[in-house]
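Have a look at input34.txt; it's compact mmCIF, C-alpha atoms and all ligand atoms:
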```
# COMPACT_ATOMS: atom_id res chain seq x y z
CA MET A 100 3.25 -21.05 -15.17
CA LYS A 101 3.10 -23.51 -18.05
CA LYS A 102 1.73 -27.03 -17.48
CA GLU A 103 5.16 -28.59 -18.18
CA LEU A 104 6.73 -26.45 -15.48
CA ILE A 105 4.53 -27.99 -12.78
CA GLU A 106 6.21 -31.32 -13.50
CA LYS A 107 9.61 -29.88 -12.55
CA PHE A 108 8.62 -29.51 -8.92
CA ASP A 109 8.38 -32.41 -6.54
CA LEU A 110 4.88 -31.60 -5.31
CA SER A 111 2.39 -33.17 -2.95
CA LYS A 112 -0.96 -34.09 -4.50
CA ASP A 113 -2.57 -31.02 -2.93
CA LEU A 114 0.05 -28.55 -4.16
CA LYS A 115 -0.14 -30.07 -7.62
CA ARG A 116 -3.92 -29.57 -7.64
CA ILE A 117 -3.48 -25.92 -6.65
CA ALA A 118 -0.89 -25.40 -9.40
CA GLN A 119 -3.28 -26.92 -11.94
CA LYS A 120 -6.04 -24.58 -10.80
CA VAL A 121 -3.77 -21.57 -11.15
CA VAL A 122 -2.74 -22.60 -14.65
CA ALA A 123 -6.43 -23.05 -15.51
CA LYS A 124 -7.14 -19.52 -14.14
CA GLU A 125 -9.35 -20.91 -11.36
CA ARG A 126 -9.70 -19.24 -7.98
CA ILE A 127 -8.02 -20.97 -5.03
CA THR A 128 -9.84 -21.48 -1.73
CA VAL A 129 -8.96 -20.24 1.76
CA ASP A 130 -7.63 -23.68 2.75
CA GLU A 131 -5.54 -23.85 -0.40
CA GLY A 132 -4.11 -20.40 0.36
CA ILE A 133 -3.09 -21.55 3.83
CA LEU A 134 -1.49 -24.66 2.37
CA LEU A 135 0.56 -22.54 -0.02
CA PHE A 136 1.97 -20.63 2.97
CA GLU A 137 2.57 -23.81 4.95
CA GLU A 138 4.09 -26.00 2.27
CA GLY A 139 4.88 -23.96 -0.83
CA GLU A 140 8.59 -23.47 -1.26
CA LEU A 141 9.87 -20.20 -2.64
CA ASN A 142 10.67 -21.22 -6.23
CA PHE A 143 7.35 -22.99 -6.68
CA LEU A 144 5.34 -20.02 -5.36
CA GLY A 145 7.46 -17.66 -7.45
CA ALA A 146 6.86 -19.65 -10.64
CA LEU A 147 3.08 -19.62 -10.08
CA ALA A 148 2.95 -15.93 -9.12
CA ASN A 149 5.22 -14.85 -11.95
CA GLY A 150 3.06 -16.76 -14.42
CA ILE A 151 0.01 -14.81 -13.23
CA ARG A 152 1.90 -11.51 -13.28
CA GLU A 153 3.07 -12.07 -16.85
CA ARG A 154 -0.38 -13.22 -17.95
CA MET A 155 -1.87 -10.00 -16.55
CA HIS A 156 0.83 -7.44 -17.31
CA GLY A 157 3.64 -9.01 -19.33
CA ASP A 158 6.87 -7.30 -18.27
CA ALA A 159 5.19 -3.94 -17.59
CA THR A 160 6.24 -2.55 -14.21
CA TYR A 161 4.52 0.60 -13.07
CA PHE A 162 5.71 3.54 -11.03
CA ASN A 163 4.48 7.09 -10.60
CA LYS A 164 5.94 10.48 -9.73
CA ASN A 165 4.60 11.24 -6.31
CA PHE A 166 5.32 12.85 -2.97
CA HIS A 167 3.86 12.54 0.50
CA ILE A 168 2.57 15.11 2.96
CA GLU A 169 2.26 13.99 6.58
CA PRO A 170 0.39 16.87 8.26
CA THR A 171 1.12 15.64 11.80
CA ASN A 172 2.43 12.63 13.71
CA ILE A 173 0.35 13.47 16.76
CA CYS A 174 -2.20 10.72 17.15
CA VAL A 175 -5.01 9.86 19.53
CA PHE A 176 -4.39 6.14 18.94
CA ASP A 177 -1.62 3.94 20.25
CA CYS A 178 -0.79 1.18 17.76
CA LYS A 179 1.92 -1.03 19.18
CA PHE A 180 3.85 -1.26 15.89
CA CYS A 181 3.92 2.46 15.18
CA ALA A 182 7.30 4.15 15.43
CA TYR A 183 6.03 7.38 14.06
CA SER A 184 3.18 8.66 16.17
CA LYS A 185 3.34 10.78 19.26
CA LEU A 186 0.47 10.60 21.67
CA LEU A 187 -1.29 13.86 22.28
CA ARG A 188 0.33 14.12 25.70
CA GLN A 189 3.76 14.01 24.05
CA LYS A 190 2.93 17.08 21.97
CA GLY A 191 5.93 19.04 23.22
CA ASP A 192 8.39 16.29 22.23
CA TYR A 193 11.14 17.43 19.90
CA ASP A 194 10.09 14.92 17.27
CA ALA A 195 6.35 15.66 17.33
CA TRP A 196 5.21 17.83 14.44
CA GLU A 197 2.11 19.66 13.27
CA LEU A 198 2.23 21.38 9.89
CA SER A 199 0.21 24.55 9.49
CA GLU A 200 -2.02 25.02 6.45
CA ASP A 201 0.53 27.42 5.02
CA ASP A 202 3.34 24.88 5.51
CA ILE A 203 1.27 22.45 3.46
CA TYR A 204 0.56 24.94 0.67
CA ASP A 205 4.29 25.82 0.58
CA ILE A 206 5.10 22.14 0.08
CA ILE A 207 2.64 21.97 -2.83
CA ARG A 208 4.11 25.16 -4.36
CA SER A 209 7.65 23.78 -3.97
CA TYR A 210 6.77 21.22 -6.68
CA GLU A 211 5.94 23.90 -9.22
CA GLY A 212 7.57 23.02 -12.53
CA LYS A 213 8.29 19.45 -11.35
CA GLU A 214 6.60 16.55 -13.11
CA VAL A 215 4.79 15.04 -10.08
CA THR A 216 1.27 13.69 -10.64
CA GLU A 217 0.16 12.56 -7.16
CA VAL A 218 0.26 13.72 -3.56
CA HIS A 219 -0.30 11.09 -0.84
CA ILE A 220 -1.60 12.72 2.35
CA VAL A 221 -1.73 10.65 5.55
CA GLY A 222 -0.74 11.18 9.13
CA GLY A 223 -1.58 10.74 12.76
CA VAL A 224 -5.16 11.24 13.92
CA HIS A 225 -5.09 14.73 15.41
CA PRO A 226 -8.29 15.74 17.21
CA LYS A 227 -8.09 19.31 15.94
CA MET A 228 -7.86 18.36 12.27
CA GLY A 229 -11.42 17.40 11.32
CA LEU A 230 -13.46 16.74 8.20
CA GLN A 231 -14.10 20.41 7.36
CA TYR A 232 -10.43 21.30 7.92
CA PHE A 233 -9.27 18.59 5.53
CA ALA A 234 -11.99 19.28 2.95
CA ASN A 235 -10.91 22.92 2.86
CA LEU A 236 -7.23 21.91 2.71
CA ILE A 237 -7.86 19.72 -0.33
CA LYS A 238 -9.86 22.44 -2.06
CA ASN A 239 -6.97 24.89 -1.60
CA ILE A 240 -4.39 22.33 -2.74
CA LYS A 241 -6.43 21.82 -5.90
CA GLU A 242 -6.56 25.58 -6.47
CA ILE A 243 -2.75 25.68 -6.38
CA ARG A 244 -2.32 22.58 -8.57
CA PRO A 245 -5.62 21.48 -10.14
CA GLU A 246 -4.30 18.44 -12.03
CA LEU A 247 -2.60 16.86 -8.99
CA HIS A 248 -4.24 13.56 -7.93
CA VAL A 249 -4.99 13.70 -4.20
CA LYS A 250 -4.78 10.25 -2.58
CA ALA A 251 -5.57 10.91 1.04
CA PHE A 252 -6.51 9.60 4.49
CA THR A 253 -6.51 6.04 5.71
CA ALA A 254 -9.80 4.51 6.83
CA VAL A 255 -8.53 5.10 10.39
CA GLU A 256 -8.40 8.86 9.84
CA LEU A 257 -11.71 8.79 7.96
CA GLU A 258 -13.55 6.84 10.67
CA TYR A 259 -12.45 9.42 13.26
CA MET A 260 -13.30 12.40 11.02
CA CYS A 261 -16.78 11.10 10.17
CA ARG A 262 -17.53 10.13 13.80
CA LYS A 263 -16.54 13.62 15.06
CA ALA A 264 -18.46 15.37 12.28
CA LYS A 265 -21.50 13.09 12.92
CA VAL A 266 -21.86 12.11 9.29
CA SER A 267 -22.07 8.70 7.64
CA TYR A 268 -18.98 7.37 5.87
CA LYS A 269 -20.62 8.00 2.53
CA GLU A 270 -21.55 11.57 3.43
CA GLY A 271 -18.06 12.32 4.75
CA LEU A 272 -16.38 10.82 1.70
CA GLN A 273 -18.74 12.68 -0.63
CA ILE A 274 -17.76 15.98 1.04
CA LEU A 275 -14.07 15.18 0.54
CA LYS A 276 -14.71 14.12 -3.05
CA ASP A 277 -16.63 17.31 -3.77
CA HIS A 278 -13.64 19.29 -2.48
CA GLY A 279 -11.27 17.44 -4.84
CA GLN A 280 -10.09 14.24 -3.14
CA ASN A 281 -9.56 11.57 -5.78
CA SER A 282 -8.80 8.30 -4.00
CA LEU A 283 -7.96 6.52 -0.73
CA PRO A 284 -4.64 4.91 0.17
CA GLY A 285 -4.60 1.42 1.64
CA GLY A 286 -3.26 2.07 5.13
CA GLY A 287 -4.82 1.20 8.46
CA ALA A 288 -5.92 -2.30 7.45
CA GLU A 289 -3.13 -4.01 9.42
CA ILE A 290 -4.59 -7.47 10.14
CA PHE A 291 -8.36 -7.99 10.13
CA ALA A 292 -8.34 -11.06 12.45
CA GLU A 293 -9.98 -9.52 15.51
CA ASP A 294 -7.85 -11.29 18.14
CA ILE A 295 -4.62 -10.02 16.58
CA ARG A 296 -6.02 -6.55 15.95
CA GLU A 297 -6.96 -6.39 19.64
CA LYS A 298 -3.31 -7.03 20.56
CA ILE A 299 -1.58 -4.67 18.13
CA CYS A 300 -3.98 -1.76 17.53
CA LYS A 301 -7.06 -2.19 19.67
CA ASP A 302 -8.23 1.42 19.90
CA LYS A 303 -8.50 2.37 16.24
CA CYS A 304 -11.16 1.54 13.64
CA SER A 305 -12.29 -2.07 13.53
CA SER A 306 -11.81 -4.41 10.59
CA ASP A 307 -15.49 -4.11 9.67
CA GLN A 308 -15.30 -0.33 9.76
CA TRP A 309 -12.19 -0.36 7.53
CA LEU A 310 -14.03 -2.50 5.00
CA GLU A 311 -17.24 -0.41 5.23
CA ILE A 312 -15.30 2.80 4.57
CA HIS A 313 -13.63 1.38 1.46
CA LYS A 314 -16.97 0.00 0.29
CA ALA A 315 -18.56 3.44 0.73
CA ALA A 316 -15.68 5.03 -1.21
CA HIS A 317 -16.11 2.57 -4.09
CA GLU A 318 -19.87 3.19 -4.12
CA ILE A 319 -19.37 6.91 -4.69
CA GLY A 320 -16.76 6.29 -7.38
CA MET A 321 -13.55 6.74 -5.41
CA PRO A 322 -11.00 3.98 -6.01
CA SER A 323 -8.74 2.78 -3.24
CA ASN A 324 -5.84 0.52 -2.29
CA ALA A 325 -5.55 -2.10 0.41
CA THR A 326 -2.64 -3.16 2.62
CA ILE A 327 -1.75 -5.95 5.01
CA LEU A 328 0.78 -5.57 7.82
CA TYR A 329 2.49 -8.97 7.95
CA GLY A 330 5.42 -10.62 9.69
CA HIS A 331 4.64 -9.99 13.38
CA ILE A 332 2.34 -12.14 15.56
CA GLU A 333 -0.19 -13.15 12.91
CA SER A 334 -0.54 -16.71 11.58
CA PHE A 335 -0.66 -17.82 7.95
CA ALA A 336 -4.41 -18.39 8.42
CA ASP A 337 -4.75 -14.74 9.58
CA ARG A 338 -3.01 -13.53 6.44
CA ILE A 339 -5.33 -15.55 4.21
CA ASP A 340 -8.39 -14.47 6.21
CA HIS A 341 -7.33 -10.84 5.67
CA MET A 342 -6.86 -11.32 1.94
CA ASN A 343 -10.13 -13.24 1.71
CA ARG A 344 -12.14 -10.38 3.27
CA LEU A 345 -10.57 -8.04 0.70
CA ARG A 346 -11.18 -10.46 -2.17
CA GLU A 347 -14.86 -10.71 -1.18
CA LEU A 348 -15.28 -6.93 -1.07
CA GLN A 349 -13.52 -6.58 -4.42
CA ASP A 350 -15.99 -9.11 -5.90
CA GLN A 351 -18.80 -6.79 -4.83
CA THR A 352 -17.39 -3.39 -5.78
CA GLY A 353 -14.36 -3.76 -8.07
CA GLY A 354 -13.06 -0.54 -6.53
CA PHE A 355 -9.59 -1.64 -5.39
CA ASN A 356 -6.63 -0.93 -7.63
CA THR A 357 -3.69 -2.30 -5.71
CA PHE A 358 -2.81 -4.65 -2.90
CA ILE A 359 0.27 -3.69 -0.88
CA PRO A 360 1.84 -6.13 1.60
CA LEU A 361 3.69 -4.08 4.24
CA LYS A 362 6.46 -5.85 6.12
CA TYR A 363 6.44 -5.19 9.85
CA ARG A 364 9.62 -3.27 10.75
CA LYS A 365 10.79 -3.54 14.30
CA GLY A 366 12.56 -0.22 14.94
CA ASN A 367 11.50 2.14 17.74
CA ASN A 368 8.10 0.73 18.59
CA GLN A 369 6.38 -1.08 21.43
CA MET A 370 6.63 -4.55 19.89
CA SER A 371 10.25 -4.46 18.73
CA ASP A 372 10.95 -7.74 20.54
CA VAL A 373 8.83 -9.54 17.91
CA GLY A 374 11.63 -9.24 15.34
CA GLU A 375 11.32 -9.28 11.56
CA VAL A 376 10.74 -12.02 9.01
CA SER A 377 13.36 -12.93 6.37
CA VAL A 378 13.49 -11.72 2.79
CA ILE A 379 12.47 -15.25 1.73
CA GLU A 380 9.29 -14.87 3.79
CA ASP A 381 8.73 -11.45 2.15
CA LEU A 382 8.93 -13.00 -1.31
CA ARG A 383 6.62 -15.86 -0.28
CA MET A 384 4.13 -13.26 1.00
CA TYR A 385 4.11 -11.37 -2.29
CA ALA A 386 3.80 -14.59 -4.29
CA VAL A 387 0.88 -15.98 -2.28
CA ALA A 388 -0.82 -12.57 -2.44
CA ARG A 389 -0.56 -12.60 -6.27
CA ILE A 390 -1.95 -16.12 -6.43
CA PHE A 391 -4.79 -15.59 -3.93
CA MET A 392 -5.93 -12.06 -4.84
CA ASP A 393 -7.09 -12.98 -8.32
CA ASN A 394 -9.42 -9.99 -8.64
CA PHE A 395 -6.87 -7.31 -7.67
CA PRO A 396 -5.35 -5.90 -10.84
CA HIS A 397 -2.08 -4.75 -9.25
CA LEU A 398 0.37 -5.89 -6.58
CA LYS A 399 2.69 -3.24 -5.18
CA ALA A 400 6.02 -3.47 -3.37
CA TYR A 401 6.59 -0.27 -1.43
CA TRP A 402 10.35 0.15 -1.90
CA PRO A 403 11.08 2.61 0.98
CA MET A 404 9.96 -0.10 3.36
CA ILE A 405 11.76 -3.17 1.99
CA GLY A 406 14.66 -1.48 0.23
CA ARG A 407 15.54 -1.22 -3.45
CA GLU A 408 17.15 -4.65 -3.87
CA THR A 409 14.29 -6.61 -2.32
CA ALA A 410 11.88 -4.50 -4.38
CA GLN A 411 13.76 -5.64 -7.50
CA LEU A 412 13.47 -9.27 -6.40
CA THR A 413 9.71 -8.97 -5.81
CA LEU A 414 9.29 -8.27 -9.53
CA ALA A 415 9.88 -12.00 -10.09
CA TYR A 416 7.34 -12.94 -7.37
CA GLY A 417 4.14 -11.38 -8.66
CA VAL A 418 4.75 -7.65 -8.14
CA ASN A 419 4.06 -5.28 -11.04
CA ASP A 420 4.20 -1.89 -9.28
CA ILE A 421 6.86 -0.28 -7.10
CA ASP A 422 5.06 2.91 -6.03
CA GLY A 423 6.87 6.10 -6.96
CA THR A 424 9.78 8.49 -6.77
CA ILE A 425 8.53 9.75 -3.33
CA ASP A 426 11.04 12.58 -3.04
CA ASP A 427 12.13 11.96 0.56
CA SER A 428 8.72 13.04 1.81
CA THR A 429 7.64 10.26 4.18
CA LYS A 430 8.88 9.34 7.63
CA ILE A 431 6.71 6.35 8.57
CA TYR A 432 9.24 3.70 7.59
CA SER A 433 12.52 5.43 8.25
CA MET A 434 11.37 5.91 11.85
CA ALA A 435 10.57 2.19 12.10
CA GLY A 436 14.08 1.24 10.99
CA ALA A 437 13.56 0.59 7.26
CA GLU A 438 16.60 0.49 4.95
CA GLU A 439 15.68 3.73 3.24
CA GLN A 440 16.33 6.52 5.68
CA SER A 441 15.78 9.24 3.05
CA PRO A 442 13.54 7.70 0.41
CA VAL A 443 14.00 9.40 -2.92
CA MET A 444 14.63 8.00 -6.39
CA THR A 445 15.06 9.99 -9.54
CA THR A 446 13.09 8.83 -12.57
CA GLN A 447 16.37 7.59 -14.04
CA GLN A 448 17.13 5.49 -10.94
CA ILE A 449 13.66 3.93 -10.81
CA VAL A 450 13.81 3.18 -14.56
CA GLU A 451 17.26 1.56 -14.18
CA LEU A 452 16.12 -0.46 -11.15
CA ILE A 453 13.28 -1.97 -13.20
CA LYS A 454 15.35 -2.50 -16.36
CA GLN A 455 18.18 -4.22 -14.46
CA VAL A 456 15.85 -7.15 -13.80
CA GLY A 457 14.57 -7.33 -17.37
CA ARG A 458 11.21 -5.63 -16.90
CA LYS A 459 9.63 -2.69 -18.73
CA PRO A 460 9.32 0.54 -16.73
CA MET A 461 6.07 2.40 -17.31
CA GLU A 462 5.18 5.67 -15.67
CA ARG A 463 1.51 5.54 -14.70
CA ASP A 464 -0.98 7.96 -13.27
CA SER A 465 -2.78 7.16 -10.02
CA VAL A 466 -5.39 5.01 -11.73
CA TYR A 467 -2.95 3.08 -13.92
CA ASN A 468 -3.23 4.90 -17.23
CA VAL A 469 0.22 4.67 -18.82
CA LEU A 470 1.78 8.12 -19.10
CA ARG A 471 5.15 7.14 -20.56
CA ASP A 472 6.80 3.91 -21.64
CA TYR A 473 10.43 3.98 -20.52
CA SER A 474 11.38 0.61 -21.98
CA ASP A 475 13.35 2.48 -24.63
CA SER A 476 14.74 4.53 -21.80
CA GLU A 477 17.29 6.65 -23.67
CA ALA A 478 14.62 8.29 -25.79
CA ALA A 479 11.99 8.43 -23.05
CA LEU A 480 14.36 9.86 -20.46
CA GLU A 481 15.53 12.53 -22.88
CA GLU A 482 11.93 13.47 -23.52
CA ALA A 483 11.09 13.48 -19.79
CA LEU A 484 14.09 15.35 -18.42
O1 LIG A 501 -1.31 1.41 8.11
C1 LIG A 501 3.17 1.61 10.52
C2 LIG A 501 2.17 0.77 8.34
C3 LIG A 501 0.79 2.01 7.05
C4 LIG A 501 4.87 0.23 10.68
O2 LIG A 501 -2.00 3.10 -0.65
C5 LIG A 501 4.19 -0.02 9.48
O3 LIG A 501 -0.44 3.45 -2.12
C6 LIG A 501 5.68 -1.67 8.99
O4 LIG A 501 -0.59 2.33 4.11
N1 LIG A 501 6.35 -1.52 10.14
C7 LIG A 501 0.62 3.34 6.33
N2 LIG A 501 4.61 -0.96 8.63
C8 LIG A 501 1.32 3.35 4.98
C9 LIG A 501 0.45 2.86 3.87
C10 LIG A 501 0.85 3.02 2.44
C11 LIG A 501 2.18 3.18 2.10
C12 LIG A 501 2.51 3.34 0.76
C13 LIG A 501 1.56 3.36 -0.23
C14 LIG A 501 0.22 3.20 0.13
C15 LIG A 501 -0.81 3.26 -0.94
C16 LIG A 501 -0.14 3.02 1.47
O5 LIG A 501 2.11 1.89 7.51
C17 LIG A 501 0.00 1.76 8.31
C18 LIG A 501 0.77 0.59 8.90
O6 LIG A 501 0.28 -0.62 8.37
N3 LIG A 501 3.16 0.84 9.42
N4 LIG A 501 4.23 1.25 11.30
C19 LIG A 501 5.98 -0.59 11.01
N5 LIG A 501 6.64 -0.47 12.18
FE1 LIG A 502 -1.79 6.61 14.83
FE2 LIG A 502 -1.60 5.48 12.40
FE3 LIG A 502 0.46 5.28 14.14
FE4 LIG A 502 -1.79 3.93 14.61
S1 LIG A 502 -0.40 3.62 12.82
S2 LIG A 502 -0.65 5.18 16.12
S3 LIG A 502 -3.35 5.34 13.82
S4 LIG A 502 -0.31 7.17 13.19
```
Could I get this structure in the form of structure tokens?
Ligand code: V47
Ligand code: SF4
Amino acid sequence: MKKELIEKFDLSKDLKRIAQKVVAKERITVDEGILLFEEGELNFLGALANGIRERMHGDATYFNKNFHIEPTNICVFDCKFCAYSKLLRQKGDYDAWELSEDDIYDIIRSYEGKEVTEVHIVGGVHPKMGLQYFANLIKNIKEIRPELHVKAFTAVELEYMCRKAKVSYKEGLQILKDHGQNSLPGGGAEIFAEDIREKICKDKCSSDQWLEIHKAAHEIGMPSNATILYGHIESFADRIDHMNRLRELQDQTGGFNTFIPLKYRKGNNQMSDVGEVSVIEDLRMYAVARIFMDNFPHLKAYWPMIGRETAQLTLAYGVNDIDGTIDDSTKIYSMAGAEEQSPVMTTQQIVELIKQVGRKPMERDSVYNVLRDYSDSEAALEEAL
């Protein structure tokens, strides 16, 4: 945001000071972050966040060509917000699934000749699927499609795998890396504030363990993402505390690529009575994230969760990445009542979505190298299709 723009808002002294810091590229403090949530109105936050986004990326808006594999939804844990998992004792339920290894290889082969660059593998924590099983699975996936980037396993799955295999996080991650795993997704972070974590997901990995696992990944050269699950029973201070723990780790390692705010969806889970926050609150969340997380290069809106139109709006509130084409291959959000019941976008649709709001669509690989610039979409689409 330009200096003159600050004058257009009727700001308290404190908000004005924060705006001046942002314009001067200075880091804002925890208290200032909380104040932005408490007092910052949408247009003001949007102007600040958009200024940062354009300073960092111009109009470039990234997406990739990806698909998900969810090996099972059977899970030993019982997160209160999860619409997707089936406890082990519910194994016989009609909507519990366990893919066999061959099912998984068939999915990989079904993409032969298609231009996908990344597979995202996450699922429930199944006691029979351990470190060696997954290491072998990744090795075989890479034999079928060597160039595919494998982004796999949340810190929750990794903590369980390493504990069962009696190896340190670094040893476990090194085994997975040696078998071909390339990076870690950002799931499982939820909210780090221990009192809230205790209420919504008390039996899975702790906040410290989540952070240790990502630190270990960065130390062996595996990049990762980070998420926050917002819009349930957490406070604004909890959101900033969460982002601050991530910002501190990023200062140490520099290994995070993307921060992904995930809106709590209320469908079919044990805390449905909590309800959902408004789209305005979603946009405020993205904007404050862009302002606060000054050392995260990218901010992602995961469109299957918030829907295509809100994803378009987020591009004016700090977001510069909208994940990928996805190919109808994930169930986590559709089961929790998200807009997108069958998430799939063709390259043409994703390109149009970004262009409609005046941004430049760029296909990226998993570590943000630009693969194709679609801003002259006629020519690029012809070349791609
Ligand atoms: O950790 C579960 C969330 C996450 C609900 O790294 C819910 O690129 C909202 O992390 N309402 C897993 N959210 C998904 C995830 C992810 C998604 C896309 C891209 C990347 C990436 C990571 O899903 C879980 C949890 O926070 N989740 N249930 C729900 N009812
Ligand atoms: Fe299991 Fe993940 Fe669902 Fe928690 S969010 S119950 S760890 S599948």
How would you report the residues lying within 6 Å of ligand LIG 501 (chain A), as a PDB file with C-alpha atoms, in the coordinates of the input, if you count only C-alpha atoms and all ligand atoms?
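Saved result, out25.pdb, follows:
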```
ATOM      1  CA  PHE A 180       3.850  -1.260  15.890  1.00  0.00           C
ATOM      2  CA  CYS A 181       3.920   2.460  15.180  1.00  0.00           C
ATOM      3  CA  ALA A 182       7.300   4.150  15.430  1.00  0.00           C
ATOM      4  CA  PRO A 284      -4.640   4.910   0.170  1.00  0.00           C
ATOM      5  CA  GLY A 285      -4.600   1.420   1.640  1.00  0.00           C
ATOM      6  CA  GLY A 286      -3.260   2.070   5.130  1.00  0.00           C
ATOM      7  CA  GLY A 287      -4.820   1.200   8.460  1.00  0.00           C
ATOM      8  CA  ALA A 288      -5.920  -2.300   7.450  1.00  0.00           C
ATOM      9  CA  GLU A 289      -3.130  -4.010   9.420  1.00  0.00           C
ATOM     10  CA  ASN A 324      -5.840   0.520  -2.290  1.00  0.00           C
ATOM     11  CA  LEU A 328       0.780  -5.570   7.820  1.00  0.00           C
ATOM     12  CA  LEU A 361       3.690  -4.080   4.240  1.00  0.00           C
ATOM     13  CA  LYS A 362       6.460  -5.850   6.120  1.00  0.00           C
ATOM     14  CA  TYR A 363       6.440  -5.190   9.850  1.00  0.00           C
ATOM     15  CA  ARG A 364       9.620  -3.270  10.750  1.00  0.00           C
ATOM     16  CA  LYS A 365      10.790  -3.540  14.300  1.00  0.00           C
ATOM     17  CA  TYR A 401       6.590  -0.270  -1.430  1.00  0.00           C
ATOM     18  CA  ALA A 435      10.570   2.190  12.100  1.00  0.00           C
TER      19      ALA A 435
END
```
Hey, which residues sit close to ligand LIG 502 (chain A)? Say within 9 Å, counting all atoms listed in the file, and write them as a PyMOL selection string. chain A and resi 171-186+221-225+253+255-256+286-287+289+300+302-304+431
Closest atom pairs, segment 103-187 of chain A residues within 6 Å of segment 420-423 of chain A, all atoms listed in the file, as a tab-separated table:
```
residue	atom	partner	partner_atom	distance
A:Thr160	CA	A:Asp420	CA	5.4
A:Tyr161	CA	A:Asp420	CA	4.5
A:Phe162	CA	A:Gly423	CA	4.9
A:Asn163	CA	A:Gly423	CA	4.5
A:Lys164	CA	A:Gly423	CA	5.3
A:Asn165	CA	A:Gly423	CA	5.7
```
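Between atom CA of Ile243 of chain A and atom CA of Gln447 of chain A there is a distance of 27.4 Å.
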Neighbours of segment 119-134 of chain A within 12 Å (all atoms listed in the file; same-chain residues fewer than 6 positions away dropped), as a PyMOL selection string? chain A and resi 100-106+110-113+140+144+146-152+154-155+334-344+346-347+383-384+386-394
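Closest to Ala400 of chain A among A:Gly374, A:Ile359, A:Glu138, A:Gly366 is A:Ile359, based on all atoms listed in the file.
Across the structure, atom CA of Phe395 of chain A and atom CA of Lys454 of chain A are spaced 24.3 Å apart.
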Å distance separating atom CA of Leu141 of chain A from atom CA of Ile379 of chain A, one decimal place: 7.1 Å
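The protein and nucleic acid residues lying at most 8 Å from segment 319-323 of chain A are Lys269, Gln273, Lys276, Asn281, Ser282, Leu283, Pro284, Gly285, His313, Ala315, Ala316, Gly354, Phe355, Asn356 and Thr357 of chain A, with all atoms listed in the file considered and sequence neighbours fewer than 3 positions away removed.
Of the listed residues (A:Ile312, A:Ile240, A:Ala292, A:Ile327), A:Ile240 comes nearest to Ile220 of chain A; the distances count only C-alpha atoms.
Between His397 of chain A and the candidates A:Gln231, A:Ser465, A:Ser474, A:Ser305, the tightest atom-to-atom separation, counting all atoms listed in the file, involves A:Ser465.
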Near Val373 of chain A, within 9 Å and counting all atoms listed in the file, which residues show up once chain neighbours fewer than 6 positions away are dropped, as a list in words? Gly330, His331, Ile332 and Lys365 of chain A
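Residue neighbourhood of His219 of chain A, excluding near-sequence residues (fewer than 3 positions): Phe166, His167, Ile168, Val249, Lys250 and Ala251 of chain A, at 7 Å, using all atoms listed in the file.
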Hey, which of A:Met404, A:Ala254, A:Leu135, A:Ile274 ends up closest to Pro360 of chain A? Count only C-alpha atoms. A:Met404
